file run_11.txt (compact mmCIF, C-alpha atoms and all ligand atoms)
# COMPACT_ATOMS: atom_id res chain seq x y z
CA MET A 21 10.54 -4.81 -28.65
CA THR A 22 10.46 -2.15 -31.37
CA THR A 23 13.07 0.60 -31.54
CA ASP A 24 10.92 2.78 -33.84
CA PRO A 25 10.12 5.83 -31.66
CA ALA A 26 6.63 6.32 -33.14
CA ALA A 27 5.69 2.67 -32.63
CA ARG A 28 7.12 2.72 -29.12
CA LEU A 29 5.19 5.86 -28.25
CA ALA A 30 1.97 4.41 -29.67
CA ARG A 31 2.47 1.31 -27.54
CA LEU A 32 3.03 3.43 -24.44
CA ALA A 33 -0.15 5.39 -25.24
CA ASP A 34 -2.06 2.10 -25.32
CA GLY A 35 -1.21 1.37 -21.69
CA TYR A 36 -4.86 1.76 -20.70
CA LEU A 37 -5.72 -1.28 -22.87
CA THR A 38 -3.40 -3.46 -20.84
CA THR A 39 -4.87 -2.26 -17.56
CA GLN A 40 -8.37 -3.12 -18.73
CA ILE A 41 -7.78 -6.51 -20.39
CA LEU A 42 -5.92 -7.66 -17.28
CA TYR A 43 -8.83 -6.38 -15.20
CA VAL A 44 -11.41 -8.22 -17.34
CA ALA A 45 -9.48 -11.48 -17.00
CA ALA A 46 -9.04 -11.06 -13.23
CA GLU A 47 -12.66 -10.07 -12.60
CA LEU A 48 -14.04 -12.96 -14.70
CA GLY A 49 -11.70 -15.53 -13.16
CA VAL A 50 -10.02 -16.63 -16.41
CA ALA A 51 -6.88 -17.83 -14.60
CA GLU A 52 -8.94 -19.97 -12.24
CA VAL A 53 -10.45 -21.76 -15.26
CA LEU A 54 -7.08 -22.20 -16.97
CA ALA A 55 -5.51 -23.51 -13.76
CA ASP A 56 -7.17 -26.83 -14.70
CA GLY A 57 -5.38 -26.86 -18.07
CA PRO A 58 -5.60 -25.20 -21.52
CA ALA A 59 -9.05 -24.28 -22.80
CA SER A 60 -10.66 -22.66 -25.83
CA ALA A 61 -12.25 -19.22 -25.70
CA ALA A 62 -15.68 -20.85 -25.96
CA GLU A 63 -14.94 -23.15 -23.01
CA ILE A 64 -13.62 -20.29 -20.90
CA ALA A 65 -16.60 -18.11 -21.83
CA ALA A 66 -19.01 -20.87 -20.81
CA ALA A 67 -17.21 -21.35 -17.49
CA VAL A 68 -17.11 -17.65 -16.54
CA GLY A 69 -20.44 -16.58 -18.08
CA ALA A 70 -19.10 -14.27 -20.82
CA ALA A 71 -19.75 -13.73 -24.54
CA PRO A 72 -17.30 -15.98 -26.48
CA ALA A 73 -16.42 -13.63 -29.37
CA PRO A 74 -15.35 -10.54 -27.38
CA LEU A 75 -13.70 -12.73 -24.74
CA HIS A 76 -11.67 -14.42 -27.50
CA ARG A 77 -10.31 -11.01 -28.58
CA VAL A 78 -9.42 -10.11 -25.01
CA LEU A 79 -7.66 -13.45 -24.58
CA ARG A 80 -5.63 -12.80 -27.73
CA GLY A 81 -4.76 -9.36 -26.34
CA LEU A 82 -3.42 -11.09 -23.23
CA ALA A 83 -1.53 -13.57 -25.39
CA ALA A 84 0.10 -10.65 -27.24
CA GLU A 85 1.36 -9.46 -23.83
CA HIS A 86 2.57 -12.98 -22.87
CA VAL A 87 0.09 -13.18 -20.03
CA LEU A 88 -1.42 -16.19 -21.81
CA ASP A 89 0.00 -18.69 -24.30
CA GLU A 90 -1.98 -19.14 -27.50
CA LEU A 91 -1.45 -22.80 -28.43
CA PRO A 92 -1.26 -24.03 -32.06
CA ASP A 93 -4.78 -25.51 -31.73
CA GLY A 94 -6.16 -22.10 -30.68
CA ARG A 95 -6.62 -22.94 -27.00
CA PHE A 96 -5.16 -20.73 -24.30
CA ALA A 97 -2.86 -21.64 -21.42
CA LEU A 98 -1.42 -19.74 -18.47
CA THR A 99 2.08 -18.29 -18.55
CA ALA A 100 3.92 -17.62 -15.27
CA GLU A 101 2.49 -14.08 -15.31
CA GLY A 102 -1.04 -15.27 -16.11
CA ALA A 103 -0.98 -17.79 -13.27
CA LEU A 104 -0.59 -14.88 -10.81
CA LEU A 105 -4.07 -13.62 -11.80
CA ALA A 106 -5.65 -16.48 -9.85
CA ALA A 107 -6.85 -15.53 -6.37
CA ASP A 108 -5.29 -18.53 -4.68
CA ALA A 109 -1.96 -18.53 -6.56
CA PRO A 110 1.06 -18.19 -4.27
CA GLY A 111 2.04 -14.50 -4.54
CA SER A 112 -1.24 -13.73 -6.36
CA GLN A 113 -1.35 -10.31 -8.05
CA ARG A 114 -5.12 -10.43 -8.66
CA GLY A 115 -5.78 -7.69 -6.11
CA VAL A 116 -3.17 -5.44 -7.73
CA VAL A 117 -4.93 -5.84 -11.09
CA LEU A 118 -8.47 -5.41 -9.73
CA ALA A 119 -7.68 -2.22 -7.80
CA ARG A 120 -6.07 -0.64 -10.88
CA GLY A 121 -8.82 -1.66 -13.29
CA ARG A 122 -11.79 -0.82 -11.13
CA VAL A 123 -10.65 2.11 -8.96
CA TYR A 124 -7.35 3.73 -9.97
CA HIS A 125 -7.90 3.85 -13.73
CA ALA A 126 -10.84 6.24 -13.49
CA ALA A 127 -8.93 8.49 -11.06
CA PHE A 128 -6.10 8.94 -13.55
CA ALA A 129 -8.58 10.57 -15.95
CA GLY A 130 -8.39 13.57 -13.60
CA LEU A 131 -4.60 13.87 -13.78
CA LEU A 132 -4.40 16.67 -16.35
CA ASP A 133 -6.70 18.86 -14.32
CA SER A 134 -4.76 18.23 -11.14
CA VAL A 135 -1.43 18.97 -12.84
CA ARG A 136 -2.86 22.22 -14.24
CA ASN A 137 -4.70 23.38 -11.16
CA GLY A 138 -3.37 21.42 -8.19
CA GLY A 139 -5.49 19.17 -6.00
CA THR A 140 -5.72 15.39 -6.16
CA ALA A 141 -7.15 13.66 -9.23
CA PHE A 142 -8.92 10.99 -7.16
CA ASP A 143 -10.72 13.58 -5.03
CA ALA A 144 -11.91 15.48 -8.11
CA VAL A 145 -13.11 12.37 -9.95
CA TYR A 146 -14.66 10.51 -7.00
CA GLY A 147 -15.75 13.58 -5.01
CA GLU A 148 -14.02 12.43 -1.83
CA PRO A 149 -10.50 11.69 -0.60
CA PHE A 150 -9.25 8.16 -1.19
CA PHE A 151 -9.65 6.54 2.23
CA THR A 152 -12.95 8.34 2.95
CA TRP A 153 -14.35 7.00 -0.31
CA LEU A 154 -12.99 3.52 0.36
CA ALA A 155 -14.52 3.49 3.84
CA ALA A 156 -17.93 4.03 2.23
CA HIS A 157 -17.27 1.35 -0.42
CA PRO A 158 -16.29 -1.82 1.44
CA GLU A 159 -15.99 -3.94 -1.71
CA GLU A 160 -13.44 -1.55 -3.21
CA TYR A 161 -11.67 -1.20 0.17
CA GLY A 162 -11.31 -4.97 -0.03
CA LEU A 163 -9.80 -4.61 -3.52
CA PHE A 164 -7.37 -1.97 -2.25
CA GLN A 165 -6.33 -4.23 0.62
CA GLY A 166 -5.96 -7.06 -1.90
CA SER A 167 -3.66 -4.83 -3.92
CA MET A 168 -1.60 -3.99 -0.83
CA SER A 169 -1.42 -7.69 0.00
CA GLY A 170 -0.26 -8.49 -3.54
CA ARG A 171 2.55 -5.94 -3.34
CA SER A 172 3.41 -6.92 0.20
CA ALA A 173 3.59 -10.58 -0.86
CA ARG A 174 6.21 -9.59 -3.48
CA GLU A 175 8.28 -7.70 -0.89
CA ALA A 176 7.79 -9.59 2.36
CA ALA A 177 10.57 -12.15 1.96
CA ALA A 178 13.13 -9.44 1.13
CA VAL A 179 12.05 -7.33 4.10
CA VAL A 180 12.21 -10.28 6.49
CA ALA A 181 15.65 -11.22 5.16
CA ALA A 182 16.97 -7.66 5.44
CA TYR A 183 16.25 -7.09 9.11
CA ASP A 184 16.33 -9.17 12.28
CA PHE A 185 12.86 -8.64 13.74
CA GLY A 186 13.67 -11.35 16.27
CA ARG A 187 15.50 -8.73 18.32
CA PHE A 188 12.18 -7.35 19.53
CA GLY A 189 10.00 -8.55 22.37
CA ARG A 190 6.87 -6.94 20.94
CA LEU A 191 6.34 -5.45 17.49
CA VAL A 192 3.42 -3.22 16.47
CA ASP A 193 2.76 -3.00 12.72
CA VAL A 194 1.17 0.43 12.30
CA GLY A 195 -1.09 0.69 9.22
CA GLY A 196 -0.28 -2.95 8.63
CA GLY A 197 -3.29 -3.65 6.41
CA ARG A 198 -4.40 -7.29 6.44
CA GLY A 199 -1.09 -8.42 7.94
CA VAL A 200 0.75 -10.01 4.99
CA LEU A 201 4.12 -8.63 6.11
CA LEU A 202 3.45 -9.30 9.79
CA ARG A 203 2.58 -12.93 8.99
CA ALA A 204 5.87 -13.33 7.12
CA ILE A 205 7.70 -11.82 10.12
CA THR A 206 5.98 -14.13 12.62
CA ALA A 207 6.71 -17.14 10.39
CA ALA A 208 10.41 -16.26 10.67
CA HIS A 209 10.21 -15.35 14.38
CA PRO A 210 7.46 -17.46 16.00
CA ASP A 211 8.27 -16.22 19.52
CA LEU A 212 7.83 -12.56 18.67
CA GLY A 213 4.81 -10.83 20.23
CA VAL A 214 2.99 -8.94 17.48
CA LEU A 215 0.09 -6.53 17.16
CA LEU A 216 -1.46 -5.45 13.87
CA PHE A 217 -2.84 -1.91 14.00
CA ASP A 218 -5.01 -0.43 11.23
CA ARG A 219 -8.46 0.99 10.77
CA PRO A 220 -11.10 -1.11 12.56
CA GLU A 221 -12.80 -2.30 9.37
CA VAL A 222 -9.46 -3.47 7.96
CA VAL A 223 -8.21 -5.53 10.91
CA ALA A 224 -11.56 -7.12 11.79
CA GLY A 225 -11.30 -10.92 11.58
CA VAL A 226 -7.73 -10.84 10.33
CA GLY A 227 -6.53 -13.82 12.39
CA LEU A 228 -3.60 -12.04 14.03
CA PRO A 229 -3.54 -10.13 17.34
CA HIS A 230 -4.95 -6.78 16.24
CA GLU A 231 -6.31 -3.44 17.30
CA GLY A 232 -8.38 -0.99 15.27
CA GLY A 233 -7.85 2.75 15.49
CA ASP A 234 -6.64 5.93 13.85
CA PHE A 235 -2.89 6.50 13.59
CA PHE A 236 -3.47 10.26 13.67
CA ALA A 237 -4.94 9.92 17.14
CA ALA A 238 -2.85 7.23 18.84
CA VAL A 239 -1.11 3.92 18.28
CA PRO A 240 -0.71 1.14 20.87
CA PRO A 241 2.03 2.21 23.27
CA GLY A 242 4.92 0.56 25.00
CA ALA A 243 6.36 -1.90 22.44
CA ASP A 244 10.09 -2.04 21.73
CA GLY A 245 9.55 -2.33 17.97
CA TYR A 246 7.27 -0.37 15.61
CA LEU A 247 6.87 -0.96 11.89
CA LEU A 248 5.56 1.54 9.34
CA SER A 249 5.49 -0.15 5.94
CA ARG A 250 4.40 1.88 2.93
CA VAL A 251 2.34 4.18 5.12
CA LEU A 252 4.19 7.51 5.09
CA HIS A 253 4.17 7.74 1.30
CA ASP A 254 0.36 8.02 1.37
CA TRP A 255 0.53 11.38 3.09
CA ASP A 256 1.91 14.87 2.60
CA ASP A 257 4.74 16.08 4.85
CA GLY A 258 2.47 17.61 7.50
CA GLU A 259 0.37 14.46 7.76
CA ALA A 260 3.37 12.12 7.68
CA LEU A 261 4.91 14.14 10.50
CA GLU A 262 1.69 13.84 12.47
CA ILE A 263 1.73 10.02 12.09
CA LEU A 264 5.39 9.87 13.10
CA ARG A 265 4.71 12.04 16.13
CA THR A 266 1.85 9.76 17.13
CA CYS A 267 4.28 6.85 16.92
CA ARG A 268 6.87 8.82 18.86
CA ARG A 269 4.42 9.42 21.67
CA ALA A 270 3.78 5.67 21.89
CA THR A 271 7.41 4.53 21.76
CA PRO A 272 9.46 4.19 24.91
CA ASP A 273 12.85 5.88 24.61
CA GLY A 274 15.31 3.58 22.92
CA ALA A 275 12.58 1.68 21.04
CA THR A 276 13.09 1.11 17.34
CA LEU A 277 10.88 2.27 14.49
CA VAL A 278 11.40 0.40 11.23
CA VAL A 279 10.17 2.24 8.15
CA VAL A 280 9.76 0.38 4.87
CA GLU A 281 9.40 2.66 1.85
CA ALA A 282 10.72 3.16 -1.64
CA VAL A 283 13.41 5.82 -1.92
CA LEU A 284 13.24 8.15 -4.88
CA PRO A 285 16.27 7.62 -7.13
CA ALA A 286 18.42 10.53 -8.29
CA ARG A 287 17.51 9.67 -11.90
CA ALA A 288 14.01 8.37 -12.69
CA ALA A 289 15.27 5.63 -15.01
CA ASP A 290 17.28 4.12 -12.14
CA ASP A 291 14.11 2.96 -10.35
CA ALA A 292 11.02 3.07 -12.55
CA ALA A 293 8.96 1.17 -9.95
CA ALA A 294 9.52 3.91 -7.36
CA ILE A 295 8.59 6.54 -9.93
CA ARG A 296 5.38 4.71 -10.86
CA MET A 297 4.50 4.47 -7.18
CA ASP A 298 5.10 8.20 -6.85
CA LEU A 299 2.62 8.79 -9.68
CA HIS A 300 0.04 6.69 -7.85
CA MET A 301 0.58 8.89 -4.82
CA LEU A 302 0.14 11.98 -7.00
CA ALA A 303 -3.14 10.89 -8.57
CA LEU A 304 -4.76 8.95 -5.73
CA LEU A 305 -3.58 10.48 -2.51
CA HIS A 306 -1.98 13.55 -1.01
CA GLY A 307 1.31 11.77 -0.54
CA ARG A 308 4.53 11.20 -2.41
CA GLU A 309 7.63 9.07 -2.46
CA ARG A 310 10.64 10.74 -0.86
CA THR A 311 14.40 10.95 -1.10
CA GLU A 312 16.61 9.67 1.67
CA ALA A 313 17.35 13.23 2.82
CA GLU A 314 13.62 14.02 2.99
CA PHE A 315 12.99 10.94 5.14
CA ALA A 316 15.86 11.82 7.46
CA ARG A 317 14.45 15.32 7.95
CA LEU A 318 10.90 14.09 8.65
CA LEU A 319 12.14 11.51 11.13
CA ALA A 320 14.32 14.01 12.94
CA ASP A 321 11.44 16.49 13.15
CA ALA A 322 9.33 13.77 14.78
CA GLY A 323 11.98 12.94 17.38
CA PHE A 324 13.61 9.90 15.77
CA ARG A 325 17.27 9.46 14.94
CA LEU A 326 17.91 7.68 11.66
CA VAL A 327 20.33 4.88 12.43
CA ARG A 328 20.64 2.94 9.19
CA THR A 329 19.19 2.60 5.70
CA THR A 330 19.25 -0.82 4.10
CA PRO A 331 18.13 -1.72 0.59
CA ALA A 332 15.77 -4.66 1.00
CA ALA A 333 14.33 -5.50 -2.42
CA PRO A 334 16.46 -4.24 -5.31
CA GLY A 335 14.81 -1.33 -7.07
CA CYS A 336 11.82 -1.43 -4.82
CA THR A 337 12.13 -1.06 -1.10
CA CYS A 338 14.51 0.53 1.27
CA TRP A 339 14.34 0.84 4.88
CA ARG A 340 15.32 2.79 7.80
CA ARG A 341 15.83 1.78 11.35
CA CYS A 342 15.27 4.73 13.58
CA ARG A 343 15.69 4.94 17.28
CA SER A 344 13.61 7.36 19.26
CA LYS A 345 15.70 10.25 20.53
CA GLN A 346 15.63 11.40 24.10
CA PRO A 347 12.71 13.83 24.15
CA ARG A 348 13.56 17.48 24.50
CA ALA A 349 11.56 19.18 27.22
CA GLY A 350 8.53 20.84 25.67
CA SER A 351 9.22 19.52 22.17
CA ARG A 352 6.24 18.31 20.13
CA GLY A 353 7.97 14.97 19.84
CA THR A 354 7.94 14.51 23.59
CA ARG A 355 6.28 11.34 24.68
CA THR A 356 3.20 11.70 26.83
CA GLY A 357 2.37 9.42 29.71
CA CYS A 358 0.94 6.82 27.31
CA GLY A 359 4.33 5.63 26.10
CA SER A 360 4.83 2.87 28.59
CA GLY A 361 2.89 0.31 30.55
CA ALA A 362 0.26 -2.12 29.38
CA PRO A 363 -1.21 -1.56 25.92
CA ARG A 364 -4.37 0.47 26.00
CA GLY A 365 -6.96 1.40 23.39
CA PRO A 366 -6.14 4.30 21.09
CA ARG A 367 -8.59 6.62 22.75
CA ALA A 368 -6.88 6.15 26.09
CA CYS A 369 -3.58 7.20 24.57
CA ARG A 370 -4.32 10.41 22.76
CA ARG A 371 -2.46 13.64 23.27
CA PRO A 372 -3.91 15.55 26.23
CA GLY A 373 -6.52 18.01 25.02
CA THR A 374 -7.10 16.31 21.66
CA ALA A 375 -10.20 14.34 20.85
CA ALA A 376 -9.75 11.00 19.11
CA ARG A 377 -11.33 11.15 15.66
CA PRO A 378 -12.97 8.16 14.10
CA ALA A 379 -10.73 6.57 11.47
CA GLY A 380 -11.47 7.78 7.97
CA ARG A 381 -13.36 10.90 9.05
CA ARG A 382 -10.65 13.48 9.26
CA THR A 383 -11.06 17.08 10.13
CA PRO A 384 -10.89 19.54 7.20
CA ARG A 385 -7.49 19.98 5.66
CA ARG A 386 -5.70 23.22 5.93
CA ARG A 387 -5.52 23.78 2.21
CA ALA A 388 -8.49 24.45 -0.02
CA GLY A 389 -9.55 22.88 -3.28
CA PRO A 390 -10.00 19.22 -4.21
CA GLY A 391 -8.59 17.10 -1.42
CA ALA A 392 -9.68 19.59 1.19
CA ALA A 393 -10.59 16.81 3.62
CA ARG A 394 -7.76 14.77 5.02
CA GLY A 395 -9.50 11.46 5.60
CA ARG A 396 -8.78 8.90 2.90
C1 LIG B 1 -0.48 1.74 1.64
S1 LIG B 1 -1.27 0.75 2.84
C2 LIG B 1 0.11 -0.13 3.54
C3 LIG B 1 -0.33 -1.44 4.12
C4 LIG B 1 0.83 -2.32 4.66
N1 LIG B 1 1.57 -1.67 5.72
C5 LIG B 1 1.75 -2.78 3.56
O1 LIG B 1 2.96 -2.57 3.63
O2 LIG B 1 1.23 -3.36 2.59
C6 LIG B 1 -1.65 1.96 4.08
C7 LIG B 1 -2.49 1.41 5.23
O3 LIG B 1 -2.81 2.51 6.10
C8 LIG B 1 -4.11 2.26 6.62
N2 LIG B 1 -4.68 3.53 7.12
C9 LIG B 1 -5.11 4.60 6.40
N3 LIG B 1 -5.55 5.57 7.22
C10 LIG B 1 -5.40 5.10 8.47
C11 LIG B 1 -5.66 5.66 9.76
N4 LIG B 1 -6.15 6.91 9.89
N5 LIG B 1 -5.36 4.93 10.86
C12 LIG B 1 -4.85 3.66 10.74
N6 LIG B 1 -4.57 3.08 9.53
C13 LIG B 1 -4.84 3.79 8.42
C14 LIG B 1 -4.87 1.69 5.43
O4 LIG B 1 -6.05 1.00 5.82
C15 LIG B 1 -3.81 0.79 4.81
O5 LIG B 1 -3.90 -0.52 5.30

call {"tool": "encode", "arguments": {"input": "run_11.txt", "output": "C-alpha cells", "more": "lines below"}}
Ligand SMILES: C[S@@+](CC[C@H](N)C(=O)[O-])C[C@H]1O[C@@H](n2cnc3c(N)ncnc32)[C@H](O)[C@@H]1O
result
Amino acid sequence: MTTDPAARLARLADGYLTTQILYVAAELGVAEVLADGPASAAEIAAAVGAAPAPLHRVLRGLAAEHVLDELPDGRFALTAEGALLAADAPGSQRGVVLARGRVYHAAFAGLLDSVRNGGTAFDAVYGEPFFTWLAAHPEEYGLFQGSMSGRSAREAAAVVAAYDFGRFGRLVDVGGGRGVLLRAITAAHPDLGVLLFDRPEVVAGVGLPHEGGDFFAAVPPGADGYLLSRVLHDWDDGEALEILRTCRRATPDGATLVVVEAVLPARAADDAAAIRMDLHMLALLHGRERTEAEFARLLADAGFRLVRTTPAAPGCTCWRRCRSKQPRAGSRGTRTGCGSGAPRGPRACRRPGTAARPAGRRTPRRRAGPGAARGR
C-alpha cells in the first residue's frame, strides 16, 4: 500500500473501477467457472459467453485487487475473496456486488446535487424513491434482497451469539427480508416459534412461517419478542418513529424489542463500515445511521425503554434490547386493542381511523423536492 498522498488519492478516486469489475465478474459468473479449478481468460470467456480480450483485462484488474490469483502460466484462480462471488458459496457476497454494480452505482452519480440542494440522490436519478422503484423492478428487488442476505450472512452468527433468543416463546422478525437472520436464530433455537414479516412480494415462498404487510400500517401482534434488524436506518426520524410506534402497538407490555443496527462512532475512522453504510443511507434512502443517544431518544418517544446495548460484531453491529414501557394514557405509544390475542392480518390490526396502505405505495411525504414520496 502506497504512502504517497497523490497515489493514494488517485487510487481512492478509482473506486468506481473496482465496483464495476467486481460487478462484471459476478454478473458473468466467473467465480462459478473457476470453482472447478484454474482457467485461462479464453476458457472463462467461452464458458460465460464473453469476449476474451476485454475479459482478460478485467480478470487482471481483479488479480491486481487480489480477488483472483494470476498464476505463472497466465491462468486465473479464485482467492478467498473471489470465491465469495459465487452464488452458492457459503457466505456468498454476490448479491452485495450485484446490487452495488447494477443499482447503487448509478444513484451515487446524483450525490453532488443532493449535497448541494438536499433531496435523495436515488430519487433524483431513478425518478422514484428506492422501495417504490424496487417494487416495480422485481429483478433488482431480488438483487437488493440478495445484498441484504449477503450482509446478514456476515452478521448472523455474531447476532445469534450475542443474544439469547431462546428466551422467547414467539419472535416476529419485522422487515426481516428473506429470513437469513431468522433462519440462523431458528437453527440455534429450534423450539422457538417464529414469524417473518416483510412486504408481500419479499416473503412469498420464503420457506419460513411468514406474513406480508406494511410496517407503517401494522405488524403481527401479541408475540413476546420482536426483532428489527437494519430497518430503522432506512428511514428518517419521523418514519422510524412511525415504525417503532407500529411495533409498540403490537407488543404486549413487557415484551422485548431487539434492534440490530450499526452505531455511529464518535470519530469516523473508528468504524469505517458504519460510515460507509451511512453514506448508502444518504444516497439511496431517506434514512441514516444513528448514535446511541439518538436511538435511545427514538425508542423512548415510541414507548420503549432501552435496557441494554451490546456490541455484536466488532465494528459493525450493535444492538439494543428494549422493553415496552407501560403505556401512558392517551400517549401515541399506547397500545390499541390489537396488541394481544391470536395473530391477525395487518389490516385487522391498524390504528383506529387509519386506512392500511399497500406496501410500497406510501402517501406523499411532508417535505417537498426529490424524495417527496415516502414509499421505497
Ligand atoms: C435493509 S433491509 C433489512 C433486512 C433484514 N432485516 C436484514 O437485517 O438483513 C429492510 C427491509 O425492510 C423491508 N421493507 C421496506 N419497506 C417495508 C414496509 N413498508 N413494510 C414491511 N417491510 C418493508 C424491505 O423489503 C427489506 O427487506

call {"tool": "residues_around", "arguments": {"input": "run_11.txt", "residues": "region 170-181 of chain A", "least_positions_apart": "6", "cutoff": "12 Å", "atoms": "all atoms listed in the file", "output": "MDAnalysis selection string"}}
result
chainID A and resid 104:119 163:164 196:209 247 249:250 278:282 293 297 330:340

call {"tool": "atom_distance", "arguments": {"input": "run_11.txt", "atom1": "CA of Trp255 (chain A)", "atom2": "CA of Val123 (chain A)"}}
result
18.9 Å

call {"tool": "residues_near_ligand", "arguments": {"input": "run_11.txt", "ligand": "ligand LIG 1 (chain B)", "cutoff": "7 Å", "atoms": "all atoms listed in the file", "output": "VMD selection string"}}
result
chain A and resid 151 165 168 to 169 171 to 172 194 to 198 201 217 to 219 222 233 to 236 248 to 251 254 379 to 380 396

call {"tool": "residues_around", "arguments": {"input": "run_11.txt", "residues": "region 31-48 of chain A", "least_positions_apart": "5", "cutoff": "12 Å", "atoms": "all atoms listed in the file", "output": "PyMOL selection string"}}
result
chain A and resi 21-26+53-54+61+64-71+74-88+98+101-108+112-126+128-129+163

call {"tool": "atom_distance", "arguments": {"input": "run_11.txt", "atom1": "CA of Phe315 (chain A)", "atom2": "CA of Leu284 (chain A)"}}
result
10.4 Å

call {"tool": "atom_distance", "arguments": {"input": "run_11.txt", "atom1": "CA of Gly162 (chain A)", "atom2": "CA of Gly225 (chain A)"}}
result
13.0 Å
